[in-house]
Amino acid sequence: MNLQFDAEVESFRSEVRDFVRDNLPGDIRARVAAERMEMPRDAQQRWHKALHSKGWAVHEWPAAYGGQDWSDAKSYVFEREIALADAPRPMTFGVGMLGPTLIEFGTDDQKERFLPSIANGDHLWCQGFSEPNAGSDLASLQCKAVLDGDIYVINGSKTWTTDGHVSDWMFGLFRTDSSGKKQHGITVLLIPMDAPGVTMTPILTFEGTHEVNQVFFDNVRVPVIDRLGDHDTGWGIAKYMLGLERFGTAEVSRSMASMKRLKNLATTTEVGGRALIHDPVFMTKIARTDMELRALELTEQRFLFQPGGADAMGAEASMLKIRGTEIQNQIYELMVDALGYDAHMVVDEDAVNGAPGDAGHATRAYFNMRKTAIYSGSNEIQKGIIAKMVLDL
Amino acid sequence: MNLQFDAEVESFRSEVRDFVRDNLPGDIRARVAAERMEMPRDAQQRWHKALHSKGWAVHEWPAAYGGQDWSDAKSYVFEREIALADAPRPMTFGVGMLGPTLIEFGTDDQKERFLPSIANGDHLWCQGFSEPNAGSDLASLQCKAVLDGDIYVINGSKTWTTDGHVSDWMFGLFRTDSSGKKQHGITVLLIPMDAPGVTMTPILTFEGTHEVNQVFFDNVRVPVIDRLGDHDTGWGIAKYMLGLERFGTAEVSRSMASMKRLKNLATTTEVGGRALIHDPVFMTKIARTDMELRALELTEQRFLFQPGGADAMGAEASMLKIRGTEIQNQIYELMVDALGYDAHMVVDEDAVNGAPGDAGHATRAYFNMRKTAIYSGSNEIQKGIIAKMVLDL
Amino acid sequence: MDFSLSEEQTLFRDTVARFLSDSLPFDKRQAIVDTHPGYSADHWHTLAELGILGLPFSENTGGLGGSAFDTMVVMDQMGRALLTGPYVSTVLLSGAVLDRVGADGVEDIIGGARKVAFAYAERGAGYNLNDISLTANKNGDDYVLSGKKIAVLHADTADDLIILARTSGAQRDQEGLSLFMVPAGADGLSMTAYALQDGNRGADITFDGVRAKVLGDVDNAFGLVEEVADQASSALCAEASGIMWAIYDLTLEYIKTRSQFGTALGSFQALQHRMVDMYMMCQMAESMTYEAALAFDHDDPDARRRSVSAAKSLIGAYGRKVGQEGIQLHGGIGMTLEYSIGHYFKRLTMIDATFGDSAWHDARYARLMLTS
Amino acid sequence: MDFSLSEEQTLFRDTVARFLSDSLPFDKRQAIVDTHPGYSADHWHTLAELGILGLPFSENTGGLGGSAFDTMVVMDQMGRALLTGPYVSTVLLSGAVLDRVGADGVEDIIGGARKVAFAYAERGAGYNLNDISLTANKNGDDYVLSGKKIAVLHADTADDLIILARTSGAQRDQEGLSLFMVPAGADGLSMTAYALQDGNRGADITFDGVRAKVLGDVDNAFGLVEEVADQASSALCAEASGIMWAIYDLTLEYIKTRSQFGTALGSFQALQHRMVDMYMMCQMAESMTYEAALAFDHDDPDARRRSVSAAKSLIGAYGRKVGQEGIQLHGGIGMTLEYSIGHYFKRLTMIDATFGDSAWHDARYARLMLTS
């Protein structure tokens with residue numbers, strides 16, 4: 001039993017810390033530190049390219065494709081340090097999901113055409129999975145692609161498409177056969193967002209942020225060479241992609257950064273002549289949340305660094321997602337409580353610090369982050385997974 | 001809209017208050033005030049007879065049978081005042097359940113034989129409903145009564161029989177036909193507890209209190225004249241009896257009395273040089289519980305005094321039971337917290353005040369009262385009732 | 001004991017409900033909220049015509065002499081319709097202040113011609129109404145105000161402002177507070193207006209030597225302001241209760257009609273039990289709106305404070321939970337701007353953060369327990 | 001980073017588990033608990049033979065030199081078996097004190113021949129170890145003790161008592177505390193022993209001029225006592241975690257096998273989700289036992305306090321919830337003396353109320369946040 005990282009990992013931690021300090025643009029750091037929801041395309045690319053210059057942008061990919069072959073410990077520490085330094089999240093869809101999937105299932109031609117621009121940050125990708133009437137029942141998707149010679153013709157719609165409006169390409173699941181079980185007859189296609197017939201409507205979340213979109217396909221033509229994997233058997237690829245999210249769904253590092261800001265806010269917010277941090281009732285709430293975050297961190301470590309490592313994780317990931325999103329939401333809730341009358345104001349889009357302390361956009365974040373308990377399989381779905389897989393109920 | 005009781009009811013309140021002050025024996029009051037679980041037969045009877053001398057022991061019965069024909073408001077105030085004065089609960093089974101049922105369904109002979117000794121407190125009754133394998137599914141009962149001429153012969157067992165060991169008679173549900181739907185073939189019989197073939201095993205609750213029993217029937221012979229209602233159609237009577245519990249399941253009055261003791265305990269318990277009542281975190285918990293109790297009280301009043309009165313109450317009673325037992329348990333939990341190291345001790349059976357303040361037996365009460373969320377239809381069953389009857393789900 | 005509405009109350013409820021459902025269907029609301037001043041002038045005039053603007057005022061000022069229960073009935077409906085606008089700031093706060101100090105102008109408020117905003121909050125004061133740094137110094141017959149106020153509701157469309165200021169004593173004394181009135185465009189007054197999360201409008205205001213007239217007794221305003229704030233809190237409780245029921249209704253309807261994995265969501269037992277929890281919280285919250293209104297039936301200020309704090313605290317806590325659960329049970333659609341539930345949730349959140357959140361009222365209630 | 005048990009730890013765990021499952025099946029436990037002294041002398045001797053009584057002590061006193069993690073592994077098993085007896089009081093508290101001050105007698109504890117109880121708590125002190133009124137006055141080479149202690153674990157079967165007493169300073173000073181030892185039958189000492197809710201035994205003890213020998217430095221005992229209490233708390237966290245898993249296992253098994261309305265309870269989705277909540281709390285609690293053990297790997301006392309408080313607080317809160325839910329999901333059978341779950345719940349409740357409940361540790365943790 002040894003709950004420390006070894007010296008090599010700790011020295012790597014310092015290297016990451018130094019790199020981020022020297023290379024993360026100040027305006028980007030300030031956006032993250034203010035708990036802002038939007039991260040413009042340009043900012044995402046600038047940070048990605050900074051990482052790319054160090055060889056870290058696609059560190060999880062195999063070394064042959066520009067990755068780093070890091071140990072789980074190094075990947076873990078890397079993710080921790082960039083979050084604590086208020087760096088933006090990595091590009092989930094292209095780097096985290098499509099890259100590894102292309103490497104596993106793609107043709108040589110596809111790897112050559114797509115991987116370099118993902119790695120260097122030139123192209124942003126979005127995910128076309130969810131549909132208007134499917135909810136958490138992903139496999140019930142209906143958006144149709146009909147094979148016509150060597151061209152798929154797509155008609156229908158995808159929704160909750162995060163970053164669709166700033167993306168160059170989409171990887172999506174389409175219905176190519178509806179005669180059998182719903183898991184059969186699904187095909188993965190790669191579609192340029194500027195293809196004729198692709199249109200988009202923004203879906204604003206209720207606090208006014210534009211992150212997601214509904215995407216419509218009107219006779220959109222996709223050549224067979226842009227099909228990932230085989231015709232009708234895309235469900236296996238979809239499951240593979242979703243399984244890639246095991247790491248970091250608990251959002252421990254991001255929550256640690258938010259917790260730091262919450263403490264800062266409680267320290268700098270005076271109420272009735274004393275800082276909030278001296279209010280025993282409020283501090284008890286912060287203390288409890290801090291403890292829960294530590295419990296989550298240790299639980300994630302226990303799961304990740306068990307024999308077999310992250311690959312041995314099954315339904316444990318569901319628990320991390322549930323508790324992680326709950327604790328994350330608790331932190332934002334406490335920020336709103338700390339802000340008091342300052343929570344009412346809609347902070348100007350461009351203001352980085354609209355209220356005392358950091359976390360000027362905390363109210364908006366509090367509203368927006370309710371989504372985390374809903375997306376990627378709602379927390380109710382995750383409980384069902386645990387009940388079935390772990391509890392055998 | 002008028003949220004006050006009228007002057008007549010308020011003057012009646014004073015009358016009750018005066019009566020209890022002058023007539024509740026001190027040793028009995030002290031037992032209740034110490035949150036003791038046991039109320040010996042003798043103490044139950046002494047208090048009952050005191051009420052009987054005033055004509056109040058069976059106030060809910062029709063006037064023709066010695067009752068009072070009080071308005072809902074008066075009954076409500078009566079129950080409140082005796083609880084606040086630390087008087088024992090009324091005898092549920094004989095007075096609250098069997099009496100009204102006999103009056104509704106009994107023969108003249110049964111009324112004559114049974115009602116007077118219930119009214120004057122000479123005979124205590126217990127309820128034989130639950131069975132070892134039935135749980136909340138009451139109608140699945142198996143304990144058999146076979147009609148042999150004009151005698152029912154009972155074989156089988158009943159469990160969770162509260163006060164069985166201090167009772168003279170039992171009213172019970174027995175299986176007289178198992179060929180049809182489970183609600184059919186149930187018969188209500190009245191059985192003297194000293195009948196040949198009746199034996200009993202105490203069931204101690206986990207903190208060591210003897211309240212409930214398992215009762216065994218070995219060829220117990222009950223004459224047909226002691227059958228309540230008709231053969232095989234006892235389910236309707238059972239439902240009638242359970243419906244009588246509408247009033248007071250929220251335990252608001254008892255919880256108000258416990259809350260008073262909790263505040264007293266927090267006032268008299270010094271921790272680190274200050275009374276607990278000056279600990280902002282602890283007092284916040286008491287404050288919240290106090291507010292919730294007030295919300296429950298008002299909710300009960302809204303339901304009881306709606307047009308149609310208590311009789312209009314349906315699934316609302318389920319809500320009162322759920323929230324009432326939750327709040328009650330919260331109060332005991334806070335008492336245990338207040339007691340600190342004093343919560344560890346098993347307070348001597350006869351000690352009335354074993355710890356500072358009242359509430360010496362609070363730890364035991366905390367353990368024991370977990371039952372309230374389980375019995376009379378578990379809180380989960382109650383949620384199911386609300387989901388079906390109110391929410392139409 | 002009788003919880004049923006009087007004939008008059010029923011009439012009011014139905015009138016307001018009909019007006020709001022006709023004139024403020026949810027699909028028209030966002031356009032109103034997005035356009036300055038964040039509410040409809042037509043609606044305001046109709047509220048005047050219906051007598052709603054005069055509801056709480058005594059009959060000799062032209063009002064209807066309504067009780068806290070009457071206001072409760074109306075606010076519940078405003079909550080369900082998510083009505084924005086200066087009803088709280090002009091009628092329940094400023095109007096109440098003017099009425100109590102016997103100042104002119106209540107008639108104009110009742111008629112809808114005049115709007116007044118009430119500036120009380122200061123940064124660093126939390127929800128404490130006694131923590132006032134903005135000073136008023138006597139100068140001839142008038143006073144001169146200097147300092148800052150934040151979160152002044154609907155100040156940008158107000159004709160006048162009422163200001164809570166310090167005339168003597170230390171920053172957090174209850175004594176030494178006084179009320180003043182100035183025209184919204186007074187010299188030395190500068191205002192930064194902004195949108196609020198719930199669709200209303202607020203402003204931060206700097207007073208740099210603004211000449212002002214005193215309202216009522218000098219140095220003695222705290223008690224009056226606290227009572228007016230408690231009355232507004234009581235009304236906000238009713239608004240929140242209406243919102244909670246609206247969330248409950250929406251969510252129940254949604255899980256009954258929405259299918260997933262081939263089954264209606266409402267047939268999943270785990271969701272049923274959570275829906276029952278929401279139902280129970282709505283019932284408890286509704287009961288507490290009576291508690292908060294009942295507070296004004298008796299004269300003991302501590303009893304009033306206790307009742308209002310109990311209601312505001314519990315409704316704050318339950319409202320938060322009901323809002324969060326309502327969104328969660330809706331899933332993705334509940335997160336969108338075009339669906340109403342998020343807007344209900346935002347308004348509930350802001351109501352909690354007005355005149356004391358749950359924690360602030362817990363603390364006030366706990367302090368009062370020590371003295372009772 | 002590696003959370004797996006060492007070969008030695010696995011051996012210990014399995015040895016203790018086998019011994020307890022063989023010798024303390026639940027159906028024999030109640031008879032042991034009901035008979036004075038509330039635990040089995042045979043079990044105590046076996047624990048000595050297995051080396052468990054010497055686990056935490058350094059090898060040069062005859063112990064095994066085990067770490068906090070080793071104790072964690074053993075306590076987890078003791079929790080699952082609901083073992084009563086003086087392991088905490090004699091080994092983890094008194095033995096640790098004697099070991100640290102270099103006093104004689106640790107060997108006898110390791111061998112099982114000697115039991116020592118530790119008297120620290122006083123009425124009115126809550127869980128504060130510095131709030132000590134019992135005085136020790138110097139008299140020749142010895143001291144004379146006067147005052148009262150409460151809740152002294154297993155004092156009635158102890159050979160000796162260690163007492164935390166005040167030698168100087170005011171009642172709540174951290175300075176001025178010293179440790180003393182007296183034989184259990186010393187003149188002037190009177191003891192009222194009683195059963196505890198969890199089957200252990202406690203005593204209130206009055207010291208009326210009892211002659212005592214000092215242990216370690218005079219006036220300087222607080223730091224040592226606090227550290228020893230933190231170590232015992234860390235061990236209690238592991239015991240509680242074992243109990244929580246036992247409750248989880250029992251409950252899961254029960255809802256899988258028990259039918260109601262013709263269906264296994266475990267097929268009701270609302271119960272499934274609550275079972276998942278219990279599972280998650282058990283996992284989080286187990287993680288915090290590592291946190292509490294980890295606390296003794298570094299030398300910073302504040303870091304140690306923070307870790308122990310975080311673990312004790314969360315495990316107290318989760319343990320309460322898991323115990324309550326476990327009983328509720330069992331229904332009636334869970335309420336009975338003859339079924340184990342109520343006993344697990346009682347022990348969890350008492351662990352929470354030892355060395356600081358959740359609220360006390362929340363407060364300590366919050367204070368430490370201010371200084372970090």
# chains A, B, ... in the order shown; residues from 1 in each chain; ligands from 1
>>> closest_atom_pairs(of="chain A", to="chain D", cutoff="7 Å", atoms="only C-alpha atoms", output="tab-separated table")
residue	atom	partner	partner_atom	distance
A:Met1	CA	D:Phe3	CA	5.0
A:Asn2	CA	D:Asp2	CA	4.9
A:Leu3	CA	D:Met1	CA	4.9
A:Gln4	CA	D:Met1	CA	5.3
A:Phe5	CA	D:Met1	CA	5.2
A:Met283	CA	D:Ala366	CA	6.0
A:Thr284	CA	D:Asp362	CA	5.9
A:Ala287	CA	D:Ala366	CA	5.5
A:Arg288	CA	D:Asp362	CA	6.8
A:Met291	CA	D:Ala310	CA	5.4
A:Ala295	CA	D:Met284	CA	5.4
A:Leu296	CA	D:Met284	CA	6.6
A:Leu298	CA	D:Ser287	CA	5.6
A:Thr299	CA	D:Ser287	CA	5.5
A:Arg302	CA	D:Phe3	CA	6.2
A:Phe305	CA	D:Asp2	CA	6.2
A:Gln306	CA	D:Phe3	CA	6.6
A:Met319	CA	D:Met280	CA	6.7
A:Lys383	CA	D:His273	CA	6.1
A:Ile386	CA	D:Val276	CA	6.7
A:Ala387	CA	D:Gln272	CA	6.1
A:Leu393	CA	D:Gly266	CA	6.0
>>> closest_atom_pairs(of="chain B", to="chain A", cutoff="12 Å", atoms="only C-alpha atoms", output="tab-separated table")
residue	atom	partner	partner_atom	distance
B:His278	CA	A:Pro280	CA	11.9
B:Asp279	CA	A:Pro280	CA	9.1
B:Pro280	CA	A:Val281	CA	6.7
B:Val281	CA	A:Val281	CA	5.4
B:Phe282	CA	A:Val281	CA	9.1
B:Met283	CA	A:Val281	CA	9.9
B:Thr284	CA	A:Val281	CA	7.9
B:Lys285	CA	A:Val281	CA	10.1
>>> write_last_selection(atoms="N, CA and C atoms", output="CSV table (one decimal), in the first residue's frame")
chain,number,residue,atom,x,y,z
B,278,HIS,N,-26.2,28.0,22.1
B,278,HIS,CA,-25.5,29.1,21.5
B,278,HIS,C,-24.5,28.6,20.4
B,279,ASP,N,-24.6,27.4,20.1
B,279,ASP,CA,-23.8,26.9,19.0
B,279,ASP,C,-24.6,27.1,17.7
B,280,PRO,N,-24.1,28.0,16.8
B,280,PRO,CA,-24.9,28.4,15.7
B,280,PRO,C,-25.2,27.2,14.7
B,281,VAL,N,-24.3,26.2,14.6
B,281,VAL,CA,-24.6,25.1,13.7
B,281,VAL,C,-25.7,24.2,14.3
B,282,PHE,N,-25.6,23.9,15.6
B,282,PHE,CA,-26.6,23.1,16.2
B,282,PHE,C,-27.9,23.8,16.2
B,283,MET,N,-27.9,25.0,16.5
B,283,MET,CA,-29.2,25.8,16.6
B,283,MET,C,-29.8,25.9,15.2
B,284,THR,N,-29.0,25.9,14.2
B,284,THR,CA,-29.6,26.0,12.8
B,284,THR,C,-30.4,24.7,12.6
B,285,LYS,N,-29.8,23.6,13.1
B,285,LYS,CA,-30.5,22.3,12.9
B,285,LYS,C,-31.8,22.3,13.6
>>> residues_around(residues="stretch 254-264 of chain A", least_positions_apart="5", cutoff="9 Å", atoms="only C-alpha atoms", output="PyMOL selection string")
(chain A and resi 33-35+80+83-86+89+269+277+286+289-290+293+324+327-328+331-332+334-335+338+357-359) or (chain D and resi 369)
>>> residues_around(residues="stretch 131-138 of chain C", least_positions_apart="5", cutoff="7 Å", atoms="only C-alpha atoms", output="tab-separated table (two decimals) with all heavy atoms, in the first residue's frame")
chain	number	residue	atom	x	y	z
A	272	GLY	N	-21.72	41.90	7.01
A	272	GLY	CA	-21.94	42.40	8.37
A	272	GLY	C	-20.66	42.55	9.16
A	272	GLY	O	-20.62	42.30	10.36
C	122	GLU	N	-26.62	47.28	0.38
C	122	GLU	CA	-25.26	47.79	0.14
C	122	GLU	C	-24.29	46.62	0.08
C	122	GLU	O	-24.50	45.59	0.72
C	122	GLU	CB	-24.85	48.76	1.27
C	122	GLU	CG	-25.76	49.97	1.34
C	122	GLU	CD	-25.24	51.06	2.27
C	122	GLU	OE1	-24.13	50.91	2.80
C	122	GLU	OE2	-25.97	52.05	2.46
C	125	ALA	N	-23.00	44.23	3.10
C	125	ALA	CA	-23.98	44.18	4.18
C	125	ALA	C	-24.71	42.84	4.22
C	125	ALA	O	-25.41	42.55	5.18
C	125	ALA	CB	-25.00	45.30	4.02
C	143	TYR	N	-31.60	67.13	3.15
C	143	TYR	CA	-30.42	66.33	3.49
C	143	TYR	C	-29.60	66.12	2.23
C	143	TYR	O	-30.11	66.27	1.11
C	143	TYR	CB	-30.83	64.98	4.05
C	143	TYR	CG	-31.32	65.05	5.48
C	143	TYR	CD1	-32.57	65.55	5.81
C	143	TYR	CD2	-30.48	64.61	6.53
C	143	TYR	CE1	-33.00	65.61	7.12
C	143	TYR	CE2	-30.91	64.67	7.85
C	143	TYR	CZ	-32.17	65.16	8.15
C	143	TYR	OH	-32.58	65.21	9.45
C	144	VAL	N	-28.36	65.76	2.44
C	144	VAL	CA	-27.50	65.46	1.31
C	144	VAL	C	-26.99	64.02	1.45
C	144	VAL	O	-26.44	63.65	2.49
C	144	VAL	CB	-26.31	66.45	1.26
C	144	VAL	CG1	-25.34	66.03	0.16
C	144	VAL	CG2	-26.82	67.85	1.00
C	145	LEU	N	-27.21	63.22	0.42
C	145	LEU	CA	-26.86	61.79	0.46
C	145	LEU	C	-25.55	61.51	-0.26
C	145	LEU	O	-25.33	61.99	-1.37
C	145	LEU	CB	-27.95	60.95	-0.21
C	145	LEU	CG	-29.40	61.14	0.21
C	145	LEU	CD1	-30.28	60.11	-0.50
C	145	LEU	CD2	-29.54	61.01	1.72
C	146	SER	N	-24.72	60.69	0.39
C	146	SER	CA	-23.48	60.26	-0.24
C	146	SER	C	-23.22	58.79	0.07
C	146	SER	O	-23.23	58.40	1.23
C	146	SER	CB	-22.30	61.09	0.27
C	146	SER	OG	-22.46	62.42	-0.15
C	147	GLY	N	-22.95	58.04	-0.99
C	147	GLY	CA	-22.66	56.61	-0.78
C	147	GLY	C	-23.22	55.79	-1.93
C	147	GLY	O	-23.60	56.32	-2.97
C	148	LYS	N	-23.25	54.46	-1.73
C	148	LYS	CA	-23.64	53.57	-2.82
C	148	LYS	C	-24.72	52.58	-2.40
C	148	LYS	O	-24.74	52.11	-1.26
C	148	LYS	CB	-22.42	52.76	-3.28
C	148	LYS	CG	-21.42	53.59	-4.02
C	148	LYS	CD	-20.29	52.73	-4.56
C	148	LYS	CE	-19.32	53.63	-5.34
C	148	LYS	NZ	-18.26	52.88	-6.00
C	165	ALA	N	-30.86	55.45	4.57
C	165	ALA	CA	-29.55	56.07	4.78
C	165	ALA	C	-29.26	56.25	6.26
C	165	ALA	O	-30.16	56.18	7.10
C	165	ALA	CB	-29.50	57.43	4.07
C	166	ARG	N	-28.00	56.44	6.52
C	166	ARG	CA	-27.59	56.62	7.91
C	166	ARG	C	-27.50	58.10	8.24
C	166	ARG	O	-26.80	58.85	7.58
C	166	ARG	CB	-26.23	55.94	8.14
C	166	ARG	CG	-25.75	56.05	9.58
C	166	ARG	CD	-24.77	54.97	9.96
C	166	ARG	NE	-25.31	53.63	9.93
C	166	ARG	CZ	-26.18	53.14	10.83
C	166	ARG	NH1	-26.61	53.88	11.83
C	166	ARG	NH2	-26.62	51.89	10.71
C	167	THR	N	-28.28	58.50	9.27
C	167	THR	CA	-28.23	59.89	9.73
C	167	THR	C	-27.42	60.02	11.02
C	167	THR	O	-26.99	61.12	11.38
C	167	THR	CB	-29.65	60.44	9.95
C	167	THR	OG1	-30.50	59.39	10.42
C	167	THR	CG2	-30.22	60.96	8.64
C	171	GLN	N	-21.95	52.15	11.68
C	171	GLN	CA	-22.37	51.49	10.44
C	171	GLN	C	-23.44	50.41	10.62
C	171	GLN	O	-24.29	50.24	9.77
C	171	GLN	CB	-21.14	50.86	9.76
C	171	GLN	CG	-21.47	50.21	8.42
C	171	GLN	CD	-20.24	49.54	7.80
C	171	GLN	OE1	-19.12	49.88	8.13
C	171	GLN	NE2	-20.46	48.60	6.91
C	172	ARG	N	-23.38	49.67	11.73
C	172	ARG	CA	-24.31	48.56	11.87
C	172	ARG	C	-25.34	48.75	12.99
C	172	ARG	O	-26.02	47.81	13.38
C	172	ARG	CB	-23.53	47.25	12.04
C	172	ARG	CG	-22.99	46.74	10.70
C	172	ARG	CD	-22.22	45.46	10.82
C	172	ARG	NE	-20.85	45.69	11.27
C	172	ARG	CZ	-19.84	46.06	10.49
C	172	ARG	NH1	-20.04	46.23	9.21
C	172	ARG	NH2	-18.65	46.25	11.00
>>> residues_around(residues="B:Ile322", least_positions_apart="5", cutoff="10 Å", atoms="only C-alpha atoms", output="compact mmCIF listing (two decimals) with N, CA and C atoms, in the first residue's frame")
# COMPACT_ATOMS: atom_id res chain seq x y z
N THR B 249 -51.71 10.76 12.63
CA THR B 249 -50.55 9.96 12.20
C THR B 249 -49.31 10.83 12.02
N ALA B 250 -49.52 12.13 11.87
CA ALA B 250 -48.37 13.02 11.70
C ALA B 250 -47.63 13.20 13.01
N ALA B 317 -53.31 11.75 4.10
CA ALA B 317 -52.86 11.11 5.33
C ALA B 317 -51.50 10.44 5.14
N ILE B 327 -39.82 13.85 10.60
CA ILE B 327 -39.51 14.95 11.51
C ILE B 327 -39.32 14.43 12.94
N THR B 372 -41.29 3.79 13.24
CA THR B 372 -42.47 4.54 12.79
C THR B 372 -42.48 4.72 11.27
N ALA B 373 -41.28 4.72 10.68
CA ALA B 373 -41.22 4.85 9.21
C ALA B 373 -41.51 3.51 8.54
N ILE B 374 -41.58 2.45 9.35
CA ILE B 374 -41.81 1.11 8.81
C ILE B 374 -43.24 0.64 9.03
N GLY B 377 -47.89 0.59 7.33
CA GLY B 377 -47.63 0.87 5.92
C GLY B 377 -46.36 1.68 5.85
N SER B 378 -45.28 1.05 5.40
CA SER B 378 -43.98 1.74 5.41
C SER B 378 -44.07 3.04 4.61
N ASN B 379 -43.12 3.92 4.84
CA ASN B 379 -43.14 5.19 4.11
C ASN B 379 -43.03 4.97 2.60
N GLU B 380 -42.41 3.89 2.21
CA GLU B 380 -42.34 3.58 0.77
C GLU B 380 -43.72 3.23 0.24
N ILE B 381 -44.47 2.45 1.02
CA ILE B 381 -45.85 2.13 0.62
C ILE B 381 -46.67 3.42 0.54
N GLN B 382 -46.48 4.29 1.49
CA GLN B 382 -47.22 5.56 1.49
C GLN B 382 -46.89 6.39 0.25
N LYS B 383 -45.61 6.38 -0.14
CA LYS B 383 -45.25 7.13 -1.35
C LYS B 383 -45.95 6.52 -2.57
N ASP C 277 -41.86 13.31 -3.42
CA ASP C 277 -41.10 14.23 -2.57
C ASP C 277 -41.35 15.67 -3.00
N MET C 280 -44.73 16.77 -1.78
CA MET C 280 -44.76 17.05 -0.35
C MET C 280 -44.09 18.40 -0.04
>>> select_by_dssp(residues="stretch 61-211 of chain B", states="strand (DSSP E)", output="PyMOL selection string")
chain B and resi 125-128+144-148+151-158+169-175+186-192+198-204+210-211
>>> closest_residue(among="D:Ala232, D:Ala270, D:Gly223, D:Val97", to="chain C", atoms="only C-alpha atoms")
D:Ala270
>>> select_by_dssp(residues="stretch 47-272 of chain D", states="alpha helix (DSSP H)", output="PyMOL selection string")
chain D and resi 47-49+68-81+96-101+106-111+222-257+269-272
>>> residues_around(residues="D:Glu49", least_positions_apart="6", cutoff="10 Å", atoms="only C-alpha atoms", output="list in words")
His43, Ile110, Gly111 and Gly112 of chain D
>>> write_last_selection(atoms="N, CA, C and O atoms", output="CSV table (one decimal), in the first residue's frame")
chain,number,residue,atom,x,y,z
D,43,HIS,N,-11.6,-14.7,23.8
D,43,HIS,CA,-11.3,-14.0,22.6
D,43,HIS,C,-10.1,-13.1,22.8
D,43,HIS,O,-9.3,-12.9,21.9
D,110,ILE,N,0.4,-6.3,25.5
D,110,ILE,CA,0.6,-7.2,24.3
D,110,ILE,C,0.3,-8.6,24.6
D,110,ILE,O,-0.3,-9.3,23.8
D,111,GLY,N,0.7,-9.1,25.8
D,111,GLY,CA,0.5,-10.5,26.1
D,111,GLY,C,-0.9,-10.8,26.6
D,111,GLY,O,-1.3,-11.9,26.7
D,112,GLY,N,-1.7,-9.8,26.8
D,112,GLY,CA,-3.1,-10.0,27.1
D,112,GLY,C,-3.3,-10.1,28.6
D,112,GLY,O,-4.4,-10.3,29.1
>>> residues_around(residues="A:Tyr240", least_positions_apart="4", cutoff="10 Å", atoms="only C-alpha atoms", output="CSV table (one decimal) with N, CA and C atoms, in the first residue's frame")
chain,number,residue,atom,x,y,z
A,97,MET,N,-12.2,11.6,-28.1
A,97,MET,CA,-13.1,10.5,-28.6
A,97,MET,C,-12.7,10.1,-30.0
A,100,PRO,N,-8.7,8.4,-30.8
A,100,PRO,CA,-8.5,7.0,-30.4
A,100,PRO,C,-9.3,6.0,-31.2
A,101,THR,N,-10.5,6.5,-31.6
A,101,THR,CA,-11.4,5.6,-32.3
A,101,THR,C,-11.0,5.4,-33.8
A,104,GLU,N,-8.2,3.0,-33.8
A,104,GLU,CA,-8.6,1.7,-33.6
A,104,GLU,C,-9.4,1.1,-34.8
A,234,GLY,N,-22.3,0.1,-36.4
A,234,GLY,CA,-21.6,1.2,-35.7
A,234,GLY,C,-21.9,1.3,-34.2
A,235,TRP,N,-22.8,0.5,-33.7
A,235,TRP,CA,-23.2,0.5,-32.3
A,235,TRP,C,-22.0,0.1,-31.4
A,236,GLY,N,-21.2,-0.8,-31.9
A,236,GLY,CA,-20.0,-1.3,-31.2
A,236,GLY,C,-19.0,-0.1,-31.1
A,244,LEU,N,-14.5,5.5,-23.7
A,244,LEU,CA,-13.3,6.3,-23.5
A,244,LEU,C,-13.4,7.4,-22.5
A,245,GLU,N,-14.7,7.7,-22.1
A,245,GLU,CA,-14.9,8.8,-21.1
A,245,GLU,C,-14.6,8.4,-19.7
